[in-house]
>>> print(open('entry-v6.cif').read())   # mmCIF, C-alpha atoms
data_protein
#
loop_
_atom_site.group_PDB
_atom_site.id
_atom_site.type_symbol
_atom_site.label_atom_id
_atom_site.label_comp_id
_atom_site.auth_asym_id
_atom_site.auth_seq_id
_atom_site.Cartn_x
_atom_site.Cartn_y
_atom_site.Cartn_z
ATOM 1 C CA MET H 1 20.545 21.711 -21.676
ATOM 2 C CA ASP H 2 16.836 21.973 -22.318
ATOM 3 C CA ALA H 3 14.853 22.005 -19.060
ATOM 4 C CA GLU H 4 12.428 19.363 -20.350
ATOM 5 C CA ALA H 5 15.304 17.059 -21.295
ATOM 6 C CA ALA H 6 16.932 17.561 -17.884
ATOM 7 C CA LYS H 7 13.663 16.564 -16.180
ATOM 8 C CA LEU H 8 13.423 13.357 -18.191
ATOM 9 C CA ILE H 9 17.067 12.496 -17.508
ATOM 10 C CA GLY H 10 16.468 13.111 -13.799
ATOM 11 C CA ALA H 11 13.423 10.851 -13.896
ATOM 12 C CA GLY H 12 15.548 8.180 -15.555
ATOM 13 C CA ILE H 13 18.261 8.505 -12.915
ATOM 14 C CA THR H 14 15.699 7.790 -10.174
ATOM 15 C CA ALA H 15 15.429 4.286 -11.629
ATOM 16 C CA ILE H 16 18.862 3.646 -10.040
ATOM 17 C CA GLY H 17 17.260 4.292 -6.642
ATOM 18 C CA MET H 18 14.522 1.792 -7.394
ATOM 19 C CA GLY H 19 17.111 -0.760 -8.500
ATOM 20 C CA LEU H 20 19.022 -0.330 -5.233
ATOM 21 C CA ALA H 21 15.802 -0.798 -3.266
ATOM 22 C CA ALA H 22 15.245 -3.995 -5.270
ATOM 23 C CA MET H 23 18.659 -5.203 -4.093
ATOM 24 C CA GLY H 24 17.614 -4.446 -0.511
ATOM 25 C CA VAL H 25 14.347 -6.350 -0.820
ATOM 26 C CA GLY H 26 16.120 -9.256 -2.498
ATOM 27 C CA ASN H 27 18.700 -9.288 0.265
ATOM 28 C CA ILE H 28 15.979 -9.459 2.946
ATOM 29 C CA PHE H 29 14.152 -12.383 1.363
ATOM 30 C CA GLY H 30 17.395 -14.126 0.462
ATOM 31 C CA SER H 31 18.583 -13.928 4.050
ATOM 32 C CA PHE H 32 15.152 -14.997 5.275
ATOM 33 C CA LEU H 33 15.183 -18.046 3.010
ATOM 34 C CA SER H 34 18.714 -19.098 3.905
ATOM 35 C CA GLY H 35 17.852 -18.716 7.580
ATOM 36 C CA ALA H 36 14.565 -20.554 7.103
ATOM 37 C CA LEU H 37 16.272 -23.477 5.384
ATOM 38 C CA ARG H 38 18.730 -23.822 8.246
ATOM 39 C CA ASN H 39 16.010 -23.744 10.867
ATOM 40 C CA PRO H 40 12.597 -24.337 9.283
ATOM 41 C CA SER H 41 10.820 -24.596 12.629
ATOM 42 C CA ALA H 42 11.625 -20.956 13.445
ATOM 43 C CA ALA H 43 10.717 -19.670 9.972
ATOM 44 C CA ASP H 44 6.977 -19.146 10.525
ATOM 45 C CA SER H 45 7.466 -16.878 13.518
ATOM 46 C CA GLN H 46 9.802 -14.581 11.548
ATOM 47 C CA PHE H 47 7.674 -14.422 8.405
ATOM 48 C CA THR H 48 5.934 -11.194 9.439
ATOM 49 C CA ARG H 49 9.244 -9.541 10.259
ATOM 50 C CA ALA H 50 10.622 -10.405 6.835
ATOM 51 C CA PHE H 51 7.628 -8.673 5.280
ATOM 52 C CA ILE H 52 8.003 -5.625 7.515
ATOM 53 C CA GLY H 53 11.651 -5.304 6.529
ATOM 54 C CA ALA H 54 10.764 -5.749 2.879
ATOM 55 C CA ALA H 55 8.004 -3.131 3.165
ATOM 56 C CA LEU H 56 10.373 -0.617 4.749
ATOM 57 C CA ALA H 57 13.102 -1.233 2.160
ATOM 58 C CA GLU H 58 10.562 -1.063 -0.624
ATOM 59 C CA GLY H 59 9.204 2.219 0.727
ATOM 60 C CA LEU H 60 12.550 3.894 0.074
ATOM 61 C CA GLY H 61 12.524 2.674 -3.512
ATOM 62 C CA ILE H 62 9.010 4.030 -3.828
ATOM 63 C CA PHE H 63 10.229 7.457 -2.760
ATOM 64 C CA ALA H 64 12.534 7.318 -5.802
ATOM 65 C CA PHE H 65 9.529 6.394 -7.934
ATOM 66 C CA VAL H 66 7.586 9.333 -6.526
ATOM 67 C CA VAL H 67 10.490 11.656 -7.372
ATOM 68 C CA ALA H 68 10.285 10.380 -10.946
ATOM 69 C CA LEU H 69 6.519 10.968 -11.029
ATOM 70 C CA ILE H 70 6.936 14.493 -9.662
ATOM 71 C CA LEU H 71 9.630 15.251 -12.242
ATOM 72 C CA ILE H 72 7.501 14.012 -15.120
ATOM 73 C CA PHE H 73 4.026 15.196 -14.158
ATOM 74 C CA VAL H 74 4.309 17.969 -11.562
ATOM 75 C CA ALA H 75 7.564 19.927 -11.760
ATOM 76 C CA MET N 1 -7.808 3.509 -22.404
ATOM 77 C CA ALA N 2 -7.512 6.626 -24.518
ATOM 78 C CA SER N 3 -4.808 7.970 -26.752
ATOM 79 C CA GLY N 4 -2.495 10.426 -25.070
ATOM 80 C CA PRO N 5 -1.296 13.805 -26.235
ATOM 81 C CA SER N 6 1.644 12.290 -28.137
ATOM 82 C CA GLY N 7 -0.611 9.924 -30.111
ATOM 83 C CA GLY N 8 0.444 6.828 -28.133
ATOM 84 C CA ILE N 9 -1.644 5.058 -25.534
ATOM 85 C CA ASP N 10 -2.088 6.972 -22.308
ATOM 86 C CA PRO N 11 -1.619 4.652 -19.292
ATOM 87 C CA ILE N 12 -2.613 7.414 -16.841
ATOM 88 C CA HIS N 13 -6.094 7.828 -18.289
ATOM 89 C CA GLN N 14 -7.470 5.009 -16.085
ATOM 90 C CA PHE N 15 -6.991 7.184 -12.975
ATOM 91 C CA ALA N 16 -9.107 10.051 -14.289
ATOM 92 C CA ILE N 17 -12.034 10.908 -12.025
ATOM 93 C CA THR N 18 -15.314 11.386 -13.840
ATOM 94 C CA ARG N 19 -18.643 12.495 -12.476
ATOM 95 C CA LEU N 20 -21.338 9.834 -12.675
ATOM 96 C CA GLY N 21 -24.456 11.732 -11.675
ATOM 97 C CA PRO N 22 -25.558 15.359 -11.555
ATOM 98 C CA SER N 23 -23.218 17.947 -10.077
ATOM 99 C CA VAL N 24 -23.839 18.393 -6.346
ATOM 100 C CA SER N 25 -22.052 20.966 -4.251
ATOM 101 C CA LEU N 26 -22.050 21.588 -0.519
ATOM 102 C CA PHE N 27 -20.517 24.759 0.979
ATOM 103 C CA GLY N 28 -18.699 25.369 -2.296
ATOM 104 C CA ASN N 29 -17.185 21.866 -2.407
ATOM 105 C CA ASP N 30 -17.996 19.461 -5.216
ATOM 106 C CA ILE N 31 -19.463 16.366 -3.545
ATOM 107 C CA SER N 32 -21.135 14.768 -6.574
ATOM 108 C CA LEU N 33 -20.916 11.008 -7.091
ATOM 109 C CA THR N 34 -17.768 10.153 -9.050
ATOM 110 C CA ASN N 35 -16.359 6.826 -10.197
ATOM 111 C CA ALA N 36 -13.930 6.892 -7.234
ATOM 112 C CA SER N 37 -16.662 7.438 -4.642
ATOM 113 C CA PHE N 38 -18.926 4.928 -6.391
ATOM 114 C CA PHE N 39 -16.307 2.186 -6.119
ATOM 115 C CA MET N 40 -15.669 3.146 -2.511
ATOM 116 C CA ILE N 41 -19.355 2.513 -1.828
ATOM 117 C CA VAL N 42 -19.104 -0.794 -3.714
ATOM 118 C CA VAL N 43 -16.156 -1.815 -1.514
ATOM 119 C CA LEU N 44 -18.043 -0.919 1.663
ATOM 120 C CA GLY N 45 -21.056 -2.905 0.437
ATOM 121 C CA LEU N 46 -18.868 -5.911 -0.334
ATOM 122 C CA ALA N 47 -17.203 -5.778 3.090
ATOM 123 C CA TYR N 48 -20.631 -5.527 4.728
ATOM 124 C CA LEU N 49 -22.038 -8.463 2.737
ATOM 125 C CA LEU N 50 -18.932 -10.618 3.342
ATOM 126 C CA MET N 51 -19.093 -10.113 7.084
ATOM 127 C CA ILE N 52 -22.906 -10.254 7.498
ATOM 128 C CA TYR N 53 -23.567 -13.251 5.249
ATOM 129 C CA GLY N 54 -20.276 -14.940 6.119
ATOM 130 C CA THR N 55 -20.986 -15.019 9.835
ATOM 131 C CA ARG N 56 -24.775 -15.434 9.764
ATOM 132 C CA GLN N 57 -24.895 -19.224 9.695
ATOM 133 C CA ARG N 58 -22.206 -19.782 12.328
ATOM 134 C CA ALA N 59 -21.824 -23.385 11.219
ATOM 135 C CA ILE N 60 -19.402 -25.705 12.997
ATOM 136 C CA VAL N 61 -18.120 -26.817 9.592
ATOM 137 C CA PRO N 62 -17.812 -23.503 7.749
ATOM 138 C CA GLY N 63 -18.861 -23.042 4.162
ATOM 139 C CA ARG N 64 -16.811 -21.136 1.616
ATOM 140 C CA LEU N 65 -18.060 -17.654 2.526
ATOM 141 C CA GLN N 66 -17.787 -18.327 6.239
ATOM 142 C CA SER N 67 -14.226 -19.640 5.783
ATOM 143 C CA ALA N 68 -13.295 -16.479 3.896
ATOM 144 C CA ALA N 69 -14.703 -14.228 6.604
ATOM 145 C CA GLU N 70 -13.162 -16.298 9.398
ATOM 146 C CA SER N 71 -9.706 -16.590 7.851
ATOM 147 C CA VAL N 72 -9.507 -12.831 7.252
ATOM 148 C CA TYR N 73 -10.519 -12.256 10.853
ATOM 149 C CA GLU N 74 -8.047 -14.875 12.118
ATOM 150 C CA LEU N 75 -5.209 -13.288 10.122
ATOM 151 C CA VAL N 76 -5.805 -9.807 11.530
ATOM 152 C CA HIS N 77 -6.446 -11.163 15.021
ATOM 153 C CA SER N 78 -3.159 -13.091 15.115
ATOM 154 C CA THR N 79 -1.251 -10.109 13.679
ATOM 155 C CA VAL N 80 -2.651 -7.769 16.326
ATOM 156 C CA ALA N 81 -2.020 -10.303 19.080
ATOM 157 C CA SER N 82 1.586 -10.968 18.027
ATOM 158 C CA THR N 83 2.585 -7.307 17.611
ATOM 159 C CA MET N 84 0.643 -5.594 20.406
ATOM 160 C CA GLY N 85 -0.258 -8.389 22.799
ATOM 161 C CA GLN N 86 -3.590 -8.768 24.594
ATOM 162 C CA GLU N 87 -3.481 -5.104 25.559
ATOM 163 C CA GLY N 88 -3.761 -4.139 21.897
ATOM 164 C CA MET N 89 -7.026 -6.018 21.363
ATOM 165 C CA LYS N 90 -8.964 -2.771 21.730
ATOM 166 C CA PHE N 91 -7.437 -1.674 18.428
ATOM 167 C CA LEU N 92 -8.575 -4.833 16.627
ATOM 168 C CA PRO N 93 -11.733 -3.185 15.147
ATOM 169 C CA LEU N 94 -9.649 -0.302 13.758
ATOM 170 C CA VAL N 95 -6.960 -2.523 12.255
ATOM 171 C CA PHE N 96 -9.531 -4.959 10.897
ATOM 172 C CA SER N 97 -11.562 -2.181 9.248
ATOM 173 C CA LEU N 98 -8.444 -0.682 7.675
ATOM 174 C CA PHE N 99 -7.265 -4.085 6.465
ATOM 175 C CA ILE N 100 -10.559 -5.145 4.904
ATOM 176 C CA PHE N 101 -11.108 -1.732 3.292
ATOM 177 C CA VAL N 102 -7.638 -1.610 1.735
ATOM 178 C CA LEU N 103 -7.763 -5.277 0.695
ATOM 179 C CA LEU N 104 -11.143 -4.966 -1.011
ATOM 180 C CA CYS N 105 -10.177 -1.655 -2.663
ATOM 181 C CA ASN N 106 -7.073 -3.299 -4.119
ATOM 182 C CA LEU N 107 -8.921 -6.429 -5.223
ATOM 183 C CA VAL N 108 -11.927 -4.594 -6.708
ATOM 184 C CA GLY N 109 -9.489 -2.344 -8.559
ATOM 185 C CA LEU N 110 -8.018 -5.404 -10.291
ATOM 186 C CA ILE N 111 -11.327 -6.154 -12.016
ATOM 187 C CA PRO N 112 -10.902 -4.865 -15.578
ATOM 188 C CA GLY N 113 -12.795 -1.595 -15.977
ATOM 189 C CA ALA N 114 -13.143 -1.002 -12.248
ATOM 190 C CA TYR N 115 -11.593 1.991 -10.537
ATOM 191 C CA THR N 116 -8.776 1.491 -8.007
ATOM 192 C CA VAL N 117 -9.705 3.709 -5.070
ATOM 193 C CA THR N 118 -6.322 3.241 -3.372
ATOM 194 C CA SER N 119 -4.497 4.596 -6.444
ATOM 195 C CA GLN N 120 -5.570 8.079 -5.310
ATOM 196 C CA ILE N 121 -3.030 9.453 -2.856
ATOM 197 C CA VAL N 122 -5.710 11.457 -1.055
ATOM 198 C CA VAL N 123 -7.408 8.204 0.001
ATOM 199 C CA THR N 124 -4.262 6.478 1.236
ATOM 200 C CA PHE N 125 -2.986 9.632 2.911
ATOM 201 C CA ALA N 126 -6.296 10.083 4.728
ATOM 202 C CA LEU N 127 -6.005 6.502 6.029
ATOM 203 C CA ALA N 128 -2.383 7.068 7.096
ATOM 204 C CA LEU N 129 -3.270 10.334 8.841
ATOM 205 C CA LEU N 130 -6.054 8.523 10.701
ATOM 206 C CA VAL N 131 -3.550 5.928 11.943
ATOM 207 C CA ILE N 132 -0.961 8.507 13.030
ATOM 208 C CA SER N 133 -3.622 10.671 14.723
ATOM 209 C CA VAL N 134 -4.790 7.666 16.710
ATOM 210 C CA VAL N 135 -1.171 6.926 17.689
ATOM 211 C CA ILE N 136 -0.474 10.490 18.846
ATOM 212 C CA ILE N 137 -3.814 11.111 20.585
ATOM 213 C CA TYR N 138 -3.924 7.732 22.313
ATOM 214 C CA GLY N 139 -0.239 7.898 23.234
ATOM 215 C CA ILE N 140 -0.541 11.334 24.840
ATOM 216 C CA ALA N 141 -3.867 10.489 26.515
ATOM 217 C CA LYS N 142 -2.480 7.283 28.025
ATOM 218 C CA HIS N 143 1.121 8.210 28.849
ATOM 219 C CA GLY N 144 1.084 12.024 28.923
ATOM 220 C CA LEU N 145 4.507 13.558 28.376
ATOM 221 C CA HIS N 146 6.108 10.147 28.836
ATOM 222 C CA PHE N 147 4.936 9.428 25.273
ATOM 223 C CA PHE N 148 7.747 11.665 23.999
ATOM 224 C CA GLY N 149 10.224 9.174 25.485
ATOM 225 C CA LEU N 150 9.605 7.465 22.149
ATOM 226 C CA PHE N 151 12.059 9.935 20.645
ATOM 227 C CA ALA N 152 14.816 9.345 23.202
ATOM 228 C CA PRO N 153 15.919 5.702 23.288
ATOM 229 C CA SER N 154 17.421 4.623 26.602
ATOM 230 C CA GLY N 155 21.138 3.839 26.830
ATOM 231 C CA VAL N 156 22.264 6.385 24.258
ATOM 232 C CA PRO N 157 25.421 8.390 25.167
ATOM 233 C CA LYS N 158 24.682 12.000 26.170
ATOM 234 C CA ALA N 159 26.747 13.448 23.318
ATOM 235 C CA LEU N 160 24.772 11.530 20.708
ATOM 236 C CA LEU N 161 21.328 12.191 22.189
ATOM 237 C CA PRO N 162 20.435 15.410 20.246
ATOM 238 C CA PHE N 163 21.205 13.730 16.928
ATOM 239 C CA ILE N 164 19.313 10.573 17.861
ATOM 240 C CA VAL N 165 16.286 12.635 18.939
ATOM 241 C CA LEU N 166 16.414 14.563 15.651
ATOM 242 C CA ILE N 167 16.603 11.346 13.629
ATOM 243 C CA GLU N 168 13.788 9.738 15.642
ATOM 244 C CA VAL N 169 11.546 12.791 15.163
ATOM 245 C CA ILE N 170 12.192 12.832 11.418
ATOM 246 C CA SER N 171 11.570 9.093 11.201
ATOM 247 C CA PHE N 172 8.313 9.495 13.161
ATOM 248 C CA LEU N 173 7.127 12.343 10.925
ATOM 249 C CA SER N 174 7.921 10.415 7.755
ATOM 250 C CA ARG N 175 5.799 7.456 8.884
ATOM 251 C CA PRO N 176 2.429 8.710 7.592
ATOM 252 C CA ILE N 177 4.070 9.791 4.333
ATOM 253 C CA SER N 178 5.738 6.445 3.737
ATOM 254 C CA LEU N 179 2.619 4.528 4.832
ATOM 255 C CA ALA N 180 0.495 6.451 2.310
ATOM 256 C CA MET N 181 3.108 6.461 -0.451
ATOM 257 C CA ARG N 182 3.756 2.721 -0.257
ATOM 258 C CA LEU N 183 0.161 1.731 -0.909
ATOM 259 C CA PHE N 184 -0.484 4.505 -3.443
ATOM 260 C CA ALA N 185 2.684 3.961 -5.458
ATOM 261 C CA ASN N 186 2.320 0.178 -5.516
ATOM 262 C CA MET N 187 -1.215 0.406 -6.864
ATOM 263 C CA LEU N 188 -0.332 3.195 -9.305
ATOM 264 C CA ALA N 189 2.807 1.514 -10.637
ATOM 265 C CA GLY N 190 1.114 -1.874 -10.983
ATOM 266 C CA HIS N 191 -1.847 -0.554 -12.915
ATOM 267 C CA ILE N 192 0.368 1.620 -15.133
ATOM 268 C CA ALA N 193 2.543 -1.421 -15.914
ATOM 269 C CA LEU N 194 -0.546 -3.449 -16.887
ATOM 270 C CA LYS N 195 -1.771 -0.672 -19.197
ATOM 271 C CA VAL N 196 1.670 -0.169 -20.747
ATOM 272 C CA PHE N 197 1.854 -3.847 -21.692
ATOM 273 C CA ALA N 198 -1.724 -3.707 -22.972
ATOM 274 C CA GLY N 199 -0.632 -0.753 -25.100
ATOM 275 C CA PHE N 200 2.180 -2.868 -26.599
ATOM 276 C CA ILE N 201 -0.419 -5.306 -27.959
ATOM 277 C CA VAL N 202 -2.280 -2.491 -29.713
ATOM 278 C CA THR N 203 0.931 -0.985 -31.090
ATOM 279 C CA LEU N 204 2.208 -4.357 -32.342
ATOM 280 C CA SER N 205 -1.143 -5.260 -33.920
ATOM 281 C CA ALA N 206 -1.051 -2.046 -35.912
ATOM 282 C CA ALA N 207 2.565 -2.579 -37.068
ATOM 283 C CA GLY N 208 2.164 -5.001 -39.999
ATOM 284 C CA ALA N 209 4.138 -8.230 -39.659
ATOM 285 C CA TRP N 210 4.991 -7.479 -36.016
ATOM 286 C CA VAL N 211 1.523 -8.735 -35.152
ATOM 287 C CA ALA N 212 3.126 -12.201 -34.991
ATOM 288 C CA ILE N 213 4.730 -11.351 -31.631
ATOM 289 C CA ALA N 214 1.688 -9.528 -30.241
ATOM 290 C CA PRO N 215 0.786 -12.525 -27.988
ATOM 291 C CA LEU N 216 4.042 -12.035 -26.033
ATOM 292 C CA PRO N 217 2.835 -8.921 -24.154
ATOM 293 C CA LEU N 218 -0.475 -10.720 -23.586
ATOM 294 C CA ILE N 219 1.351 -13.550 -21.770
ATOM 295 C CA MET N 220 3.277 -10.897 -19.855
ATOM 296 C CA ILE N 221 -0.010 -9.282 -18.771
ATOM 297 C CA VAL N 222 -1.248 -12.601 -17.383
ATOM 298 C CA ALA N 223 1.981 -12.981 -15.382
ATOM 299 C CA LEU N 224 1.837 -9.357 -14.215
ATOM 300 C CA TYR N 225 -1.799 -9.786 -13.247
ATOM 301 C CA ALA N 226 -0.869 -12.704 -10.986
ATOM 302 C CA LEU N 227 1.861 -10.530 -9.453
ATOM 303 C CA GLU N 228 -0.622 -7.694 -8.947
ATOM 304 C CA LEU N 229 -3.003 -10.074 -7.172
ATOM 305 C CA LEU N 230 -0.161 -10.925 -4.782
ATOM 306 C CA VAL N 231 0.789 -7.257 -4.376
ATOM 307 C CA ALA N 232 -2.839 -6.268 -3.677
ATOM 308 C CA CYS N 233 -3.094 -8.733 -0.776
ATOM 309 C CA LEU N 234 0.457 -8.096 0.412
ATOM 310 C CA GLN N 235 0.116 -4.321 0.554
ATOM 311 C CA ALA N 236 -3.125 -4.583 2.521
ATOM 312 C CA PHE N 237 -1.334 -6.912 4.954
ATOM 313 C CA VAL N 238 1.697 -4.605 5.165
ATOM 314 C CA PHE N 239 -0.599 -1.646 5.834
ATOM 315 C CA ALA N 240 -2.256 -3.559 8.680
ATOM 316 C CA VAL N 241 1.055 -4.774 10.149
ATOM 317 C CA LEU N 242 2.625 -1.310 10.077
ATOM 318 C CA THR N 243 -0.523 0.118 11.666
ATOM 319 C CA CYS N 244 -0.111 -2.432 14.462
ATOM 320 C CA ILE N 245 3.557 -1.507 14.930
ATOM 321 C CA TYR N 246 2.842 2.214 15.073
ATOM 322 C CA LEU N 247 -0.039 1.625 17.517
ATOM 323 C CA ASN N 248 2.317 -0.501 19.610
ATOM 324 C CA ASP N 249 4.478 2.605 20.007
ATOM 325 C CA ALA N 250 1.475 4.402 21.478
ATOM 326 C CA LEU N 251 0.848 1.496 23.861
ATOM 327 C CA HIS N 252 4.476 1.026 24.947
ATOM 328 C CA PRO N 253 6.431 4.204 24.165
ATOM 329 C CA GLY N 254 9.671 3.186 25.917
ATOM 330 C CA HIS N 255 12.314 1.666 23.694
#
>>> encode(input="entry-v6.cif", output="structure tokens")
Amino acid sequence: MDAEAAKLIGAGITAIGMGLAAMGVGNIFGSFLSGALRNPSAADSQFTRAFIGAALAEGLGIFAFVVALILIFVA
Amino acid sequence: MASGPSGGIDPIHQFAITRLGPSVSLFGNDISLTNASFFMIVVLGLAYLLMIYGTRQRAIVPGRLQSAAESVYELVHSTVASTMGQEGMKFLPLVFSLFIFVLLCNLVGLIPGAYTVTSQIVVTFALALLVISVVIIYGIAKHGLHFFGLFAPSGVPKALLPFIVLIEVISFLSRPISLAMRLFANMLAGHIALKVFAGFIVTLSAAGAWVAIAPLPLIMIVALYALELLVACLQAFVFAVLTCIYLNDALHPGH
């Protein structure tokens, strides 16, 4: 296989990683919402934690994005 | 926006650094004024004006500018207080400066034609290195060798301890990288997405009858722009919150 083609295929495959991170972020906010609807009075105090969890999960998806960028522009 | 090497529209062109004034060099390094450094100065000026003019009147019933300055301060103050406690108040100036700098960089970058300073990884990585250096230096200065207890959680079985320590060290070392990457990649990806959809309008307008659906990407840009506004504020907040959490490790290293 052509090396250039392999790079582009690899960059495309990293999109799977980003999709999985999207599932993680969706899971965090989904769980936060279902918890918040059960006990709305406790929701405000856990809002920051939901964002921290989302930021950490999102960071892993962003590593996949960076791999794609490196494959396209650097490697 | 300029055309790329393949004849299409190049969404990366917006991140190009161009020199604005004459070339200045110091000790062999190019330190001339570029669009990136110019917008960094603009951001600092805006932060200065917001805080100076926002807090000058000190009215009981705040005006719009004073409310903006006060609510930003309140947000950072409550975040610092809830993650680090009263002990962490000495880090409030650091966290507040980081928050307002990142927030204004992100927001100024959203103005069409302006340069997004935080889309350069060197800027975000410098900020992340500053945070981690403060954590390490303050942690060792305050707790000495006890600071390294951060890597050995209490209550772990002896057999597992080497692996846990290894994982904790790797997770600690990846913190500055992930802190820098998160902000950089969010800004980069958002601005690329905006330019890609803007490119669709140009391509469709040049494609004969397809011009009829050219407004669709325009609507998409408006929606994406709203999302980017949210992301700009959210990422600044996340940067500040994670800074607080990492600083909390320096304050209370035991698990």
>>> closest_residue(input="entry-v6.cif", among="N:Leu218, N:Leu33, N:Val231, N:Ala209", to="chain H", atoms="all atoms listed in the file")
N:Val231
>>> atom_distance(input="entry-v6.cif", atom1="CA of Ile17 (chain N)", atom2="CA of Asn29 (chain N)")
15.5 Å
>>> closest_residue(input="entry-v6.cif", among="N:Ala232, N:Leu127, N:Ile201, N:Ala68", to="Asn106 (chain N)", atoms="all atoms listed in the file")
N:Ala232
>>> interface_residues(input="entry-v6.cif", of="chain H", to="chain N", cutoff="10 Å", atoms="only C-alpha atoms", output="PDB file with C-alpha atoms, in the coordinates of the input")
ATOM      1  CA  SER H  45       7.466 -16.878  13.518  1.00  0.00           C
ATOM      2  CA  THR H  48       5.934 -11.194   9.439  1.00  0.00           C
ATOM      3  CA  ARG H  49       9.244  -9.541  10.259  1.00  0.00           C
ATOM      4  CA  PHE H  51       7.628  -8.673   5.280  1.00  0.00           C
ATOM      5  CA  ILE H  52       8.003  -5.625   7.515  1.00  0.00           C
ATOM      6  CA  ALA H  54      10.764  -5.749   2.879  1.00  0.00           C
ATOM      7  CA  ALA H  55       8.004  -3.131   3.165  1.00  0.00           C
ATOM      8  CA  LEU H  56      10.373  -0.617   4.749  1.00  0.00           C
ATOM      9  CA  GLU H  58      10.562  -1.063  -0.624  1.00  0.00           C
ATOM     10  CA  GLY H  59       9.204   2.219   0.727  1.00  0.00           C
ATOM     11  CA  LEU H  60      12.550   3.894   0.074  1.00  0.00           C
ATOM     12  CA  GLY H  61      12.524   2.674  -3.512  1.00  0.00           C
ATOM     13  CA  ILE H  62       9.010   4.030  -3.828  1.00  0.00           C
ATOM     14  CA  PHE H  63      10.229   7.457  -2.760  1.00  0.00           C
ATOM     15  CA  PHE H  65       9.529   6.394  -7.934  1.00  0.00           C
ATOM     16  CA  VAL H  66       7.586   9.333  -6.526  1.00  0.00           C
ATOM     17  CA  LEU H  69       6.519  10.968 -11.029  1.00  0.00           C
TER      18      LEU H  69
END
>>> resolve_selection(input="entry-v6.cif", expression="the PyMOL selection byres ((chain H and resi 72) around 12)", output="list in words")
Ala3, Glu4, Ala5, Ala6, Lys7, Leu8, Ile9, Gly10, Ala11, Gly12, Thr14, Phe65, Val66, Val67, Ala68, Leu69, Ile70, Leu71, Phe73, Val74 and Ala75 of chain H
>>> atom_distance(input="entry-v6.cif", atom1="CA of Val95 (chain N)", atom2="CA of Val80 (chain N)")
7.9 Å
>>> atom_distance(input="entry-v6.cif", atom1="CA of Leu20 (chain N)", atom2="CA of Phe125 (chain N)")
24.1 Å
>>> resolve_selection(input="entry-v6.cif", expression="the PyMOL selection byres ((chain H and resi 29-32) around 9)", output="list in words")
Gly24, Val25, Gly26, Asn27, Ile28, Leu33, Ser34, Gly35, Ala36, Leu37, Ala43, Gln46, Phe47, Ala50, Phe51 and Ala54 of chain H
>>> residues_around(input="entry-v6.cif", residues="region 167-175 of chain N", least_positions_apart="4", cutoff="10 Å", atoms="all atoms listed in the file", output="ChimeraX atom specification")
/N:128-129,131-132,148,150-153,161-163,179-181,242,246
>>> resolve_selection(input="entry-v6.cif", expression="the PyMOL selection byres ((chain N and resi 32) around 7)", output="ChimeraX atom specification")
/N:19,21-25,30-31,33-34
>>> closest_residue(input="entry-v6.cif", among="N:Lys195, N:His252, N:Lys158, N:His77", to="Gly113 (chain N)", atoms="only C-alpha atoms")
N:Lys195
>>> closest_residue(input="entry-v6.cif", among="N:Val72, N:Val156, N:Leu104, N:Ala236", to="Met40 (chain N)", atoms="only C-alpha atoms")
N:Leu104
>>> decode(input="entry-v6.cif", residues="region 53-68 of chain H", atoms="C-alpha atoms", output="PDB file, in the first residue's frame")
ATOM      1  CA  GLY H  53     -15.499  14.126  34.127  1.00  0.00           C
ATOM      2  CA  ALA H  54     -16.566  15.339  30.707  1.00  0.00           C
ATOM      3  CA  ALA H  55     -13.288  17.245  30.290  1.00  0.00           C
ATOM      4  CA  LEU H  56     -11.237  14.176  31.193  1.00  0.00           C
ATOM      5  CA  ALA H  57     -13.224  11.899  28.871  1.00  0.00           C
ATOM      6  CA  GLU H  58     -13.038  14.471  26.117  1.00  0.00           C
ATOM      7  CA  GLY H  59      -9.277  14.779  26.570  1.00  0.00           C
ATOM      8  CA  LEU H  60      -8.837  11.152  25.534  1.00  0.00           C
ATOM      9  CA  GLY H  61     -10.850  11.749  22.381  1.00  0.00           C
ATOM     10  CA  ILE H  62      -8.676  14.765  21.701  1.00  0.00           C
ATOM     11  CA  PHE H  63      -5.582  12.581  21.862  1.00  0.00           C
ATOM     12  CA  ALA H  64      -7.119  10.609  18.975  1.00  0.00           C
ATOM     13  CA  PHE H  65      -7.653  13.885  17.129  1.00  0.00           C
ATOM     14  CA  VAL H  66      -4.030  14.846  17.720  1.00  0.00           C
ATOM     15  CA  VAL H  67      -2.911  11.475  16.329  1.00  0.00           C
ATOM     16  CA  ALA H  68      -4.923  12.259  13.200  1.00  0.00           C
TER      17      ALA H  68
END
